[in-house]
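A.B. asks: What follows is start20.txt; its format and atoms are compact mmCIF, C-alpha atoms.
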```txt
# COMPACT_ATOMS: atom_id res chain seq x y z
CA MET A 1 129.61 93.66 86.08
CA THR A 2 129.08 97.21 84.75
CA ARG A 3 131.49 100.08 85.32
CA ASN A 4 129.04 101.68 87.74
CA THR A 5 128.77 98.52 89.81
CA SER A 6 132.54 98.10 89.71
CA TYR A 7 133.01 101.63 90.98
CA LEU A 8 130.52 101.06 93.83
CA THR A 9 132.30 97.83 94.76
CA PHE A 10 135.62 99.65 94.67
CA GLN A 11 134.30 102.37 97.01
CA LEU A 12 132.93 99.75 99.40
CA LYS A 13 136.36 98.12 99.52
CA GLN A 14 137.93 101.52 100.16
CA ASN A 15 135.57 102.03 103.09
CA LEU A 16 136.17 98.56 104.50
CA LEU A 17 139.97 98.85 104.22
CA SER A 18 140.07 102.26 105.90
CA LYS A 19 141.71 102.16 109.34
CA LYS A 20 139.57 105.13 110.33
CA ASN A 21 136.40 103.23 109.52
CA TRP A 22 137.60 100.15 111.36
CA GLY A 23 138.18 102.35 114.39
CA VAL A 24 134.69 103.83 114.10
CA CYS A 25 133.14 100.36 113.88
CA LEU A 26 135.06 99.06 116.90
CA ILE A 27 134.13 102.10 118.98
CA PHE A 28 130.50 101.88 117.92
CA PHE A 29 130.23 98.17 118.72
CA ALA A 30 131.95 98.69 122.09
CA TRP A 31 129.45 101.47 122.80
CA SER A 32 126.62 99.18 121.68
CA LEU A 33 127.67 96.47 124.14
CA TRP A 34 127.73 98.98 127.00
CA PHE A 35 124.48 100.58 125.87
CA CYS A 36 122.56 97.30 125.49
CA TYR A 37 123.92 95.37 128.47
CA GLN A 38 124.44 98.12 131.03
CA TYR A 39 122.77 101.42 130.19
CA LEU A 40 119.34 100.18 129.08
CA PRO A 41 118.96 97.61 131.90
CA GLU A 42 120.04 100.13 134.54
CA ASN A 43 117.74 102.83 133.14
CA GLY A 44 114.53 100.85 133.18
CA THR A 45 111.07 102.17 132.50
CA LEU A 46 109.91 104.90 134.85
CA GLU A 47 106.87 102.84 135.87
CA ASN A 48 107.44 99.11 136.04
CA PHE A 49 106.11 96.20 138.05
CA SER A 50 108.21 94.39 140.62
CA ARG A 51 106.65 92.17 143.26
CA GLN A 52 109.38 93.08 145.72
CA GLU A 53 108.95 96.81 145.21
CA VAL A 54 105.16 96.60 145.46
CA THR A 55 105.46 94.50 148.60
CA ASP A 56 107.83 97.03 150.14
CA LYS A 57 105.42 99.90 149.36
CA LEU A 58 102.52 97.92 150.78
CA LEU A 59 104.34 97.18 154.04
CA LYS A 60 105.41 100.82 154.34
CA ASN A 61 101.86 102.10 153.83
CA GLU A 62 100.39 99.53 156.24
CA LYS A 63 102.92 100.56 158.88
CA PHE A 64 102.03 104.19 158.29
CA MET A 65 98.32 103.52 158.80
CA LYS A 66 98.97 101.62 162.05
CA THR A 67 100.73 104.62 163.55
CA PHE A 68 98.63 107.33 161.89
CA LYS A 69 96.89 109.68 164.34
CA PRO A 70 95.15 112.50 162.42
CA ALA A 71 94.19 114.32 165.62
CA PHE A 72 97.81 114.69 166.74
CA PRO A 73 98.97 118.36 166.54
CA ASN A 74 101.95 117.53 164.32
CA TYR A 75 99.72 116.07 161.61
CA PRO A 76 97.80 119.04 160.15
CA THR A 77 99.63 118.84 156.79
CA ILE A 78 98.86 115.17 156.31
CA ALA A 79 95.47 114.95 157.96
CA ASN A 80 93.81 113.66 154.78
CA ALA A 81 96.50 111.02 154.23
CA GLY A 82 94.34 108.64 156.20
CA ILE A 83 91.71 108.93 153.48
CA TYR A 84 93.97 108.20 150.51
CA VAL A 85 96.70 105.88 151.78
CA PRO A 86 94.19 103.01 152.20
CA GLN A 87 93.37 103.43 148.49
CA PHE A 88 97.05 102.94 147.66
CA ILE A 89 97.08 99.86 149.90
CA THR A 90 94.08 98.44 148.04
CA ALA A 91 95.76 98.99 144.66
CA GLU A 92 99.02 97.40 145.82
CA ARG A 93 97.25 94.35 147.22
CA ALA A 94 95.31 94.01 143.95
CA GLN A 95 98.57 94.08 141.97
CA LEU A 96 100.16 91.35 144.08
CA THR A 97 97.01 89.19 143.93
CA ALA A 98 96.70 89.55 140.15
CA ALA A 99 100.40 88.84 139.62
CA GLY A 100 100.10 85.70 141.73
CA LYS A 101 97.37 84.51 139.37
CA GLY A 102 99.38 85.51 136.30
CA ASP A 103 96.73 88.07 135.28
CA TYR A 104 98.94 90.97 134.24
CA LYS A 105 96.08 92.80 132.56
CA LYS A 106 94.65 93.37 136.03
CA VAL A 107 98.12 94.32 137.24
CA ALA A 108 98.25 97.00 134.54
CA ALA A 109 94.74 98.21 135.39
CA SER A 110 95.58 98.47 139.10
CA MET A 111 98.86 100.28 138.36
CA ASN A 112 96.89 102.73 136.24
CA ASP A 113 94.46 103.38 139.12
CA GLU A 114 97.34 104.00 141.51
CA LEU A 115 99.04 106.41 139.10
CA LEU A 116 95.77 108.26 138.48
CA LEU A 117 95.33 108.79 142.23
CA THR A 118 98.93 109.94 142.58
CA ASP A 119 98.60 112.43 139.74
CA HIS A 120 95.34 113.79 141.17
CA LEU A 121 96.80 114.34 144.64
CA VAL A 122 100.11 115.82 143.48
CA LEU A 123 98.39 118.31 141.20
CA GLN A 124 96.19 119.24 144.15
CA GLY A 125 99.37 120.21 145.99
CA GLN A 126 99.19 117.59 148.74
CA PRO A 127 102.36 118.13 150.82
CA TRP A 128 102.75 114.50 151.86
CA LEU A 129 102.94 113.08 148.34
CA SER A 130 105.06 113.68 145.24
CA TYR A 131 105.85 112.02 141.93
CA PRO A 132 108.48 109.24 142.15
CA LEU A 133 112.11 110.31 142.18
CA GLN A 134 112.83 108.43 138.93
CA TYR A 135 110.79 111.06 137.07
CA TYR A 136 113.53 113.59 137.76
CA ASN A 137 116.85 111.74 138.09
CA ASP A 138 117.30 110.80 134.41
CA PRO A 139 119.04 113.62 132.50
CA ASN A 140 117.76 112.26 129.19
CA VAL A 141 114.13 112.83 130.06
CA VAL A 142 114.16 115.80 132.44
CA ARG A 143 115.73 118.37 130.11
CA ASP A 144 112.65 120.18 128.89
CA ALA A 145 112.04 123.71 127.76
CA GLY A 146 109.48 124.50 130.41
CA SER A 147 109.54 127.02 133.19
CA GLY A 148 111.20 124.67 135.63
CA ASN A 149 107.90 123.52 137.15
CA GLN A 150 108.70 120.01 138.30
CA SER A 151 105.02 119.04 138.37
CA ARG A 152 105.02 119.54 134.60
CA ASN A 153 107.66 116.83 134.18
CA GLY A 154 106.02 114.53 136.67
CA HIS A 155 102.56 114.91 135.14
CA TYR A 156 103.99 114.15 131.69
CA TRP A 157 105.55 110.85 132.74
CA ASN A 158 102.60 109.89 134.90
CA LEU A 159 100.23 110.46 131.98
CA GLU A 160 102.58 108.64 129.58
CA ALA A 161 102.64 105.58 131.84
CA ARG A 162 98.88 105.65 132.39
CA THR A 163 98.22 105.81 128.65
CA ARG A 164 100.39 102.75 128.09
CA LEU A 165 98.95 100.78 131.04
CA GLN A 166 95.36 101.52 130.01
CA GLN A 167 96.07 99.98 126.62
CA TYR A 168 97.74 96.94 128.20
CA ALA A 169 94.71 96.40 130.45
CA HIS A 170 92.38 96.20 127.44
CA MET A 171 94.55 94.33 124.93
CA LYS A 172 93.09 91.25 123.28
CA GLY A 173 96.13 89.03 123.76
CA ASP A 174 97.89 88.07 126.95
CA ILE A 175 100.64 90.22 128.45
CA ASN A 176 103.28 89.52 131.06
CA ALA A 177 105.59 91.42 133.39
CA ALA A 178 108.19 91.81 130.64
CA VAL A 179 105.67 93.68 128.48
CA ILE A 180 104.65 95.97 131.34
CA ASN A 181 108.33 96.67 132.08
CA GLN A 182 109.12 97.12 128.35
CA GLN A 183 111.80 94.43 128.44
CA THR A 184 110.91 92.48 125.30
CA ALA A 185 113.33 92.75 122.39
CA LEU A 186 111.23 95.07 120.23
CA GLN A 187 110.36 97.31 123.18
CA GLN A 188 114.04 97.57 124.06
CA LEU A 189 114.75 98.65 120.49
CA GLU A 190 112.11 101.36 120.83
CA ARG A 191 113.75 102.51 124.08
CA ALA A 192 117.16 102.46 122.38
CA PHE A 193 115.85 104.91 119.79
CA PHE A 194 114.47 107.12 122.56
CA TYR A 195 117.78 107.19 124.40
CA GLY A 196 119.87 108.25 121.42
CA LEU A 197 120.60 105.29 119.17
CA ALA A 198 119.87 107.33 116.04
CA LEU A 199 122.17 110.14 117.13
CA ALA A 200 125.01 107.67 117.74
CA LEU A 201 124.51 106.16 114.27
CA LEU A 202 124.46 109.61 112.66
CA ILE A 203 127.75 110.53 114.35
CA ALA A 204 129.31 107.27 113.15
CA THR A 205 127.98 107.97 109.65
CA ALA A 206 129.56 111.42 109.70
CA ILE A 207 132.96 109.94 110.55
CA ILE A 208 132.66 107.20 107.92
CA SER A 209 131.86 109.75 105.21
CA THR A 210 134.37 112.38 106.26
CA ASP A 211 136.92 111.55 103.53
CA LEU A 212 134.74 110.50 100.59
CA VAL A 213 135.95 113.40 98.44
CA THR A 214 139.29 114.30 99.94
CA ARG A 215 140.80 110.82 99.71
CA ASP A 216 140.74 110.98 95.88
CA ARG A 217 143.29 113.75 96.02
CA LYS A 218 145.69 111.30 97.62
CA LYS A 219 145.19 108.68 94.89
CA THR A 220 144.43 110.55 91.70
CA SER A 221 145.37 107.56 89.56
CA ILE A 222 142.18 105.72 90.54
CA LEU A 223 140.14 108.25 88.59
CA LYS A 224 141.67 107.30 85.25
CA ASN A 225 139.71 105.27 82.69
CA LEU A 226 136.44 105.63 84.63
CA PRO A 227 133.88 107.28 82.32
CA LEU A 228 131.80 108.76 85.14
CA THR A 229 131.13 112.41 85.81
CA SER A 230 132.04 113.85 89.20
CA TRP A 231 128.31 113.81 89.98
CA GLY A 232 128.13 110.06 89.34
CA MET A 233 131.26 109.35 91.36
CA ILE A 234 129.95 111.28 94.35
CA ASN A 235 126.60 109.47 94.22
CA TYR A 236 128.28 106.07 94.35
CA LYS A 237 130.63 107.22 97.09
CA SER A 238 127.63 108.35 99.10
CA LEU A 239 125.84 105.05 98.52
CA SER A 240 128.89 103.11 99.70
CA ALA A 241 128.97 105.15 102.93
CA LEU A 242 125.23 104.57 103.43
CA LEU A 243 125.69 100.81 103.00
CA MET A 244 128.49 100.75 105.55
CA SER A 245 126.37 102.72 108.01
CA GLY A 246 123.59 100.21 107.39
CA GLY A 247 126.04 97.53 108.46
CA LEU A 248 126.39 99.31 111.81
CA VAL A 249 122.60 99.21 112.22
CA LEU A 250 122.56 95.46 111.58
CA GLY A 251 125.43 94.97 114.00
CA PHE A 252 123.54 96.85 116.72
CA LEU A 253 120.44 94.72 116.15
CA VAL A 254 122.54 91.56 116.48
CA ILE A 255 123.87 92.82 119.81
CA LEU A 256 120.52 93.97 121.21
CA LEU A 257 117.82 91.62 120.00
CA PRO A 258 118.95 87.98 120.54
CA ARG A 259 119.77 88.37 124.25
CA ASN A 260 116.47 90.10 125.02
CA MET A 261 114.55 87.62 122.90
CA LEU A 262 115.96 84.72 124.91
CA ARG A 263 115.27 86.39 128.27
CA PHE A 264 112.00 88.21 127.71
CA GLY A 265 110.70 87.26 124.27
CA ILE A 266 110.56 89.22 121.03
CA GLY A 267 107.42 91.17 121.90
CA SER A 268 104.82 92.27 119.39
CA LEU A 269 104.59 94.98 116.75
CA THR A 270 100.99 95.55 117.87
CA LEU A 271 101.97 96.81 121.33
CA PRO A 272 100.83 100.39 122.00
CA ILE A 273 103.33 103.26 122.14
CA PRO A 274 102.15 106.52 123.80
CA VAL A 275 102.63 109.61 121.61
CA TYR A 276 102.37 113.07 123.15
CA GLN A 277 100.01 115.57 121.54
CA SER A 278 99.89 118.94 123.26
CA ILE A 279 98.25 118.23 126.64
CA SER A 280 97.31 114.59 126.10
CA PHE A 281 98.55 111.31 124.66
CA THR A 282 97.39 109.07 121.88
CA THR A 283 98.89 105.71 120.94
CA ILE A 284 100.42 104.17 117.85
CA LEU A 285 101.43 100.57 117.22
CA LEU A 286 105.03 99.59 117.91
CA GLY A 287 105.30 98.51 114.27
CA ARG A 288 104.40 102.01 113.11
CA PHE A 289 106.98 103.47 115.47
CA MET A 290 109.66 101.21 113.97
CA LEU A 291 108.67 102.14 110.42
CA GLU A 292 108.74 105.87 111.13
CA ALA A 293 111.98 105.68 113.12
CA PHE A 294 113.84 103.74 110.42
CA VAL A 295 112.52 106.01 107.64
CA LEU A 296 113.81 109.08 109.48
CA LEU A 297 117.07 107.30 110.30
CA LEU A 298 117.64 106.49 106.62
CA LEU A 299 116.90 110.08 105.62
CA GLY A 300 119.12 111.38 108.40
CA MET A 301 122.04 109.20 107.36
CA TRP A 302 121.76 110.27 103.72
CA LEU A 303 121.47 113.89 104.81
CA ILE A 304 124.65 113.68 106.89
CA ILE A 305 126.57 111.95 104.09
CA ARG A 306 125.55 114.53 101.51
CA LEU A 307 126.28 117.38 103.91
CA GLN A 308 129.76 115.97 104.39
CA ILE A 309 130.18 115.91 100.61
CA VAL A 310 129.25 119.60 100.36
CA LEU A 311 131.62 120.60 103.16
CA GLN A 312 134.48 118.61 101.65
CA LEU A 313 133.93 120.19 98.24
CA LEU A 314 133.88 123.68 99.75
CA LEU A 315 136.44 123.41 102.55
CA LYS A 316 138.75 120.74 101.07
CA SER A 317 139.48 119.54 104.61
CA GLU A 318 138.46 116.32 106.33
CA PHE A 319 138.90 117.77 109.80
CA ALA A 320 136.89 120.92 109.12
CA SER A 321 133.98 119.04 107.54
CA LEU A 322 133.84 116.51 110.39
CA ALA A 323 134.09 119.23 113.04
CA MET A 324 131.23 121.24 111.55
CA THR A 325 128.98 118.19 111.06
CA SER A 326 129.67 116.87 114.56
CA LEU A 327 128.89 120.28 116.06
CA LEU A 328 125.62 120.31 114.13
CA LEU A 329 124.67 116.86 115.43
CA VAL A 330 125.27 117.62 119.11
CA SER A 331 124.36 121.30 119.20
CA GLU A 332 120.81 120.67 120.44
CA THR A 333 122.34 120.01 123.85
CA PHE A 334 123.27 123.68 124.07
CA TYR A 335 119.60 124.68 123.82
CA PHE A 336 119.03 123.37 127.31
CA VAL A 337 122.08 124.82 129.07
CA PRO A 338 120.71 127.51 131.41
CA GLY A 339 121.63 130.99 130.25
CA LEU A 340 123.27 129.83 127.02
CA VAL A 341 120.50 129.39 124.46
CA SER A 342 116.80 129.84 125.05
CA ILE A 343 114.02 127.88 123.42
CA ASN A 344 112.04 130.06 121.04
CA ASN A 345 109.39 129.45 118.40
CA TRP A 346 112.05 129.31 115.69
CA SER A 347 113.94 126.51 117.50
CA LEU A 348 111.70 123.92 115.89
CA TYR A 349 112.96 125.05 112.46
CA LEU A 350 116.58 124.24 113.31
CA LEU A 351 118.02 121.00 111.96
CA PRO A 352 119.62 119.81 115.25
CA SER A 353 116.15 119.64 116.81
CA TYR A 354 115.33 116.58 114.69
CA PHE A 355 118.31 114.28 115.08
CA ASN A 356 116.96 112.56 118.21
CA ILE A 357 114.56 110.52 116.11
CA GLY A 358 113.09 108.34 118.85
CA GLN A 359 112.02 111.32 120.93
CA LEU A 360 110.61 113.00 117.84
CA VAL A 361 108.38 110.05 116.89
CA VAL A 362 106.88 109.65 120.40
CA GLY A 363 106.24 113.38 120.72
CA PHE A 364 108.70 114.07 123.52
CA GLN A 365 110.22 116.84 121.39
CA ASN A 366 106.78 118.48 121.36
CA PHE A 367 106.84 118.42 125.16
CA ARG A 368 110.36 119.84 125.36
CA TYR A 369 109.75 122.60 122.83
CA GLU A 370 106.19 123.29 123.99
CA THR A 371 104.71 122.88 120.53
CA THR A 372 102.53 120.49 118.54
CA LYS A 373 104.37 120.77 115.22
CA MET A 374 107.29 118.39 115.76
CA THR A 375 105.79 115.23 114.34
CA PHE A 376 107.05 112.44 112.11
CA MET A 377 105.56 114.05 109.00
CA PHE A 378 107.02 117.46 109.80
CA GLY A 379 110.41 115.88 110.52
CA MET A 380 110.37 113.99 107.23
CA MET A 381 109.41 117.13 105.33
CA PHE A 382 112.15 119.05 107.11
CA PHE A 383 114.79 116.43 106.25
CA MET A 384 113.59 116.27 102.64
CA SER A 385 113.70 120.06 102.28
CA ALA A 386 117.24 120.18 103.63
CA LEU A 387 118.24 117.34 101.31
CA ILE A 388 116.86 119.12 98.24
CA VAL A 389 118.94 122.19 99.03
CA ILE A 390 122.06 120.09 99.60
CA GLU A 391 121.52 118.07 96.42
CA VAL A 392 121.21 121.24 94.36
CA VAL A 393 124.43 122.59 95.87
CA ILE A 394 126.29 119.34 95.13
CA TYR A 395 124.99 119.27 91.57
CA CYS A 396 126.06 122.86 90.95
CA LEU A 397 129.50 122.38 92.49
CA THR A 398 130.32 119.16 90.65
CA HIS A 399 129.05 120.26 87.27
CA LYS A 400 130.71 123.64 87.55
CA ARG A 401 134.05 121.99 88.25
CA HIS A 402 133.51 119.39 85.53
CA THR A 403 132.58 122.07 82.96
CA GLY A 404 135.57 124.15 83.93
CA LYS A 405 137.94 121.21 83.37
CA ALA A 406 136.35 120.48 80.00
CA ARG A 407 136.97 124.01 78.82
CA LEU A 408 140.60 123.88 79.84
CA SER A 409 141.26 120.65 77.98
```
Please lay out the structure from this file as structure tokens.

C.D. replies:
Amino acid sequence: MTRNTSYLTFQLKQNLLSKKNWGVCLIFFAWSLWFCYQYLPENGTLENFSRQEVTDKLLKNEKFMKTFKPAFPNYPTIANAGIYVPQFITAERAQLTAAGKGDYKKVAASMNDELLLTDHLVLQGQPWLSYPLQYYNDPNVVRDAGSGNQSRNGHYWNLEARTRLQQYAHMKGDINAAVINQQTALQQLERAFFYGLALALLIATAIISTDLVTRDRKKTSILKNLPLTSWGMINYKSLSALLMSGGLVLGFLVILLPRNMLRFGIGSLTLPIPVYQSISFTTILLGRFMLEAFVLLLLGMWLIIRLQIVLQLLLKSEFASLAMTSLLLVSETFYFVPGLVSINNWSLYLLPSYFNIGQLVVGFQNFRYETTKMTFMFGMMFFMSALIVIEVVIYCLTHKRHTGKARLS
């Protein structure tokens, strides 16, 4: 075993023996259990298929049509409901019939038709119809940078669902209700990224790496007889923190995937994922989403670790470095507090805008910031540019200190 490998192993042991890191791991895994077994199931997809719900809607619409009297004076605002409600009834009956036969491609096609009709009527301004309440009651998906026009939010989610359902209806392989409801293991992982998994991992990474430099001051004897420059030491420290953060990722996958695989199946990497582009959607494969999300996650973790190194070298304080990094990670929330910070064109050039990796890859950040520039490629370039600056700063700081010590000796 070389000295370099020995030093990396030593740093890994330091990380694993740290009470702080044990606390971070326990908190993260407790959060993961809540997130996977309560939050994700309770916050299902905005448009899913349930025989009971479709049956209830069908019965409600049939009851409405039995009592509907368009000539009655109190009905002028819904006079044309008698034209369109039967179309909803037809779609709902088609969904139940197709589900009874196990033909979920037809279920998806009929759901798409129903959503298309809904979108058309709502955008017309029909007073008797609106987008479903679930489009607006989830704080994770409603916070956008628009003018407050609720139809904008509703149209976005309606179009997102229609894009996905159209692809399901024309897929080569078979699909089932779990695929439509995005309950398979891989689809749940995609939803986990959308709802903030990456941000949680980045915060945990920041805490893990908050004492990489400062802890050496407490045990200066460990630096003796190690022929490594400060630059080399810091690189191995950073790698040890990245490996430990990678362990958190594996732990999360162990918590999320097996249970959903047993209940709903693993899913497929060829499933379509809608990606927002300006006023329309395109689709990418789920496998591509996973690749892009994990690439950005890896870059984000390394960026946070190296940023912590810079702050510790400059501030010489664990608390100060952690406080500043944590504020950076969560500061995007302040953009959407009314009257606090407004969304401007330069907002997309701020680092906090890119830490919610799942929403970046699917284009939801484009919708929130009313732009077309916030893509995977732009995010990767942005992370890489920030990393280059940070790496240069670390190199200058470590070599300056090392040169200064050499001159004194």

A.B. asks: Name all residues at most 12 Å from Leu291 in chain A (count all atoms listed in the file; drop same-chain ones fewer than 5 positions away) and give them as number ranges by chain.

C.D. replies: A: 190, 269, 284-286, 296-298, 357-358, 361, 376

A.B. asks: What does the structure give for the distance between CA of Ile304 in chain A and CA of Ser238 in chain A, in Å to one decimal?

C.D. replies: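 Separating CA of Ile304 in chain A from CA of Ser238 in chain A is a distance of 9.9 Å.
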
A.B. asks: Could you tell me which of A:Leu212, A:Ala94, A:Ala185, A:Ile388 comes closest to Pro258 in chain A if we count only C-alpha atoms?

C.D. replies: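 Of all the options, A:Ala185 lies closest to Pro258 in chain A.
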
A.B. asks: For Ile89 in chain A, please output as a list in words all residues within 9 Å (counting only C-alpha atoms; exclusion window: fewer than 4 positions along the same chain).

C.D. replies: Lys57, Leu58, Leu59, Asn61, Glu62, Tyr84, Val85, Arg93 and Ala94 of chain A

A.B. asks: Pick out the closest residue to Leu8 in chain A from this set: A:Asn235, A:Gln188, A:Ser209, A:Gln124. Count all atoms listed in the file.

C.D. replies: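 The answer is A:Asn235, which sits nearest to Leu8 in chain A.
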
A.B. asks: Select, from A:Ala241, A:Leu262, A:Leu314, A:Val275, the residue with the minimum atom-to-atom distance to Glu160 in chain A, counting only C-alpha atoms.

C.D. replies: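 Closest to Glu160 in chain A of all the choices is A:Val275.
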
A.B. asks: Taking 4 positions as the minimum chain separation for residues in the same chain, which residues sit within 9 Å of range 105-114 of chain A when counting all atoms listed in the file? Answer as a PyMOL selection string.

C.D. replies: chain A and resi 47-49+87-88+91-92+94-99+118-119+161-171+174-177+180

A.B. asks: So how many Å separate CA of Ile83 in chain A and CA of Gly154 in chain A, to one decimal?

C.D. replies: 22.8 Å

A.B. asks: Grab the CA of Glu370 in chain A to CA of Phe294 in chain A distance for me, in Å with one decimal place.

C.D. replies: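 Distance between the two atoms: 25.0 Å.
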
A.B. asks: I'd like to know which of A:Ile208, A:Leu303, A:Phe68, A:Thr371 is closest to Glu318 in chain A, using all atoms listed in the file.

C.D. replies: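 Looking only at the distances to Glu318 in chain A, the closest residue turns out to be A:Ile208.
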
A.B. asks: Report as a list in words all protein, DNA and RNA residues lying within 12 Å of Leu123 in chain A, evaluated on all atoms listed in the file, omitting residues in the same chain fewer than 2 positions from it.

C.D. replies: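 That gives Leu116, Leu117, Thr118, Asp119, His120, Leu121, Gly125, Gln126, Pro127, Leu129, Ser130, Tyr131, Asn149, Gln150, Ser151, Arg152, Asn153, Gly154, His155, Tyr156 and Asn158 of chain A.
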
A.B. asks: Looking at A:Gly196, A:Ser347, A:Phe252, A:Ser50, which one is nearest to Phe29 in chain A, with distances taken over only C-alpha atoms?

C.D. replies: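 Selected residue with least distance to Phe29 in chain A: A:Phe252.
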
A.B. asks: Pick the closest to Gly267 in chain A from A:Leu186, A:Ile203, A:Leu26, A:Leu397: which is it, counting all atoms listed in the file?

C.D. replies: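 With all atoms listed in the file as the atom set, the closest residue is A:Leu186.
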
A.B. asks: Quick one: everything within 8 Å of Val249 in chain A, counting only C-alpha atoms, minus sequence neighbours fewer than 4 positions away in the same chain. Send it as a list of chain:residue names.

C.D. replies: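 Listing them by chain and then by number gives A:Leu201, A:Ser245, A:Leu253.
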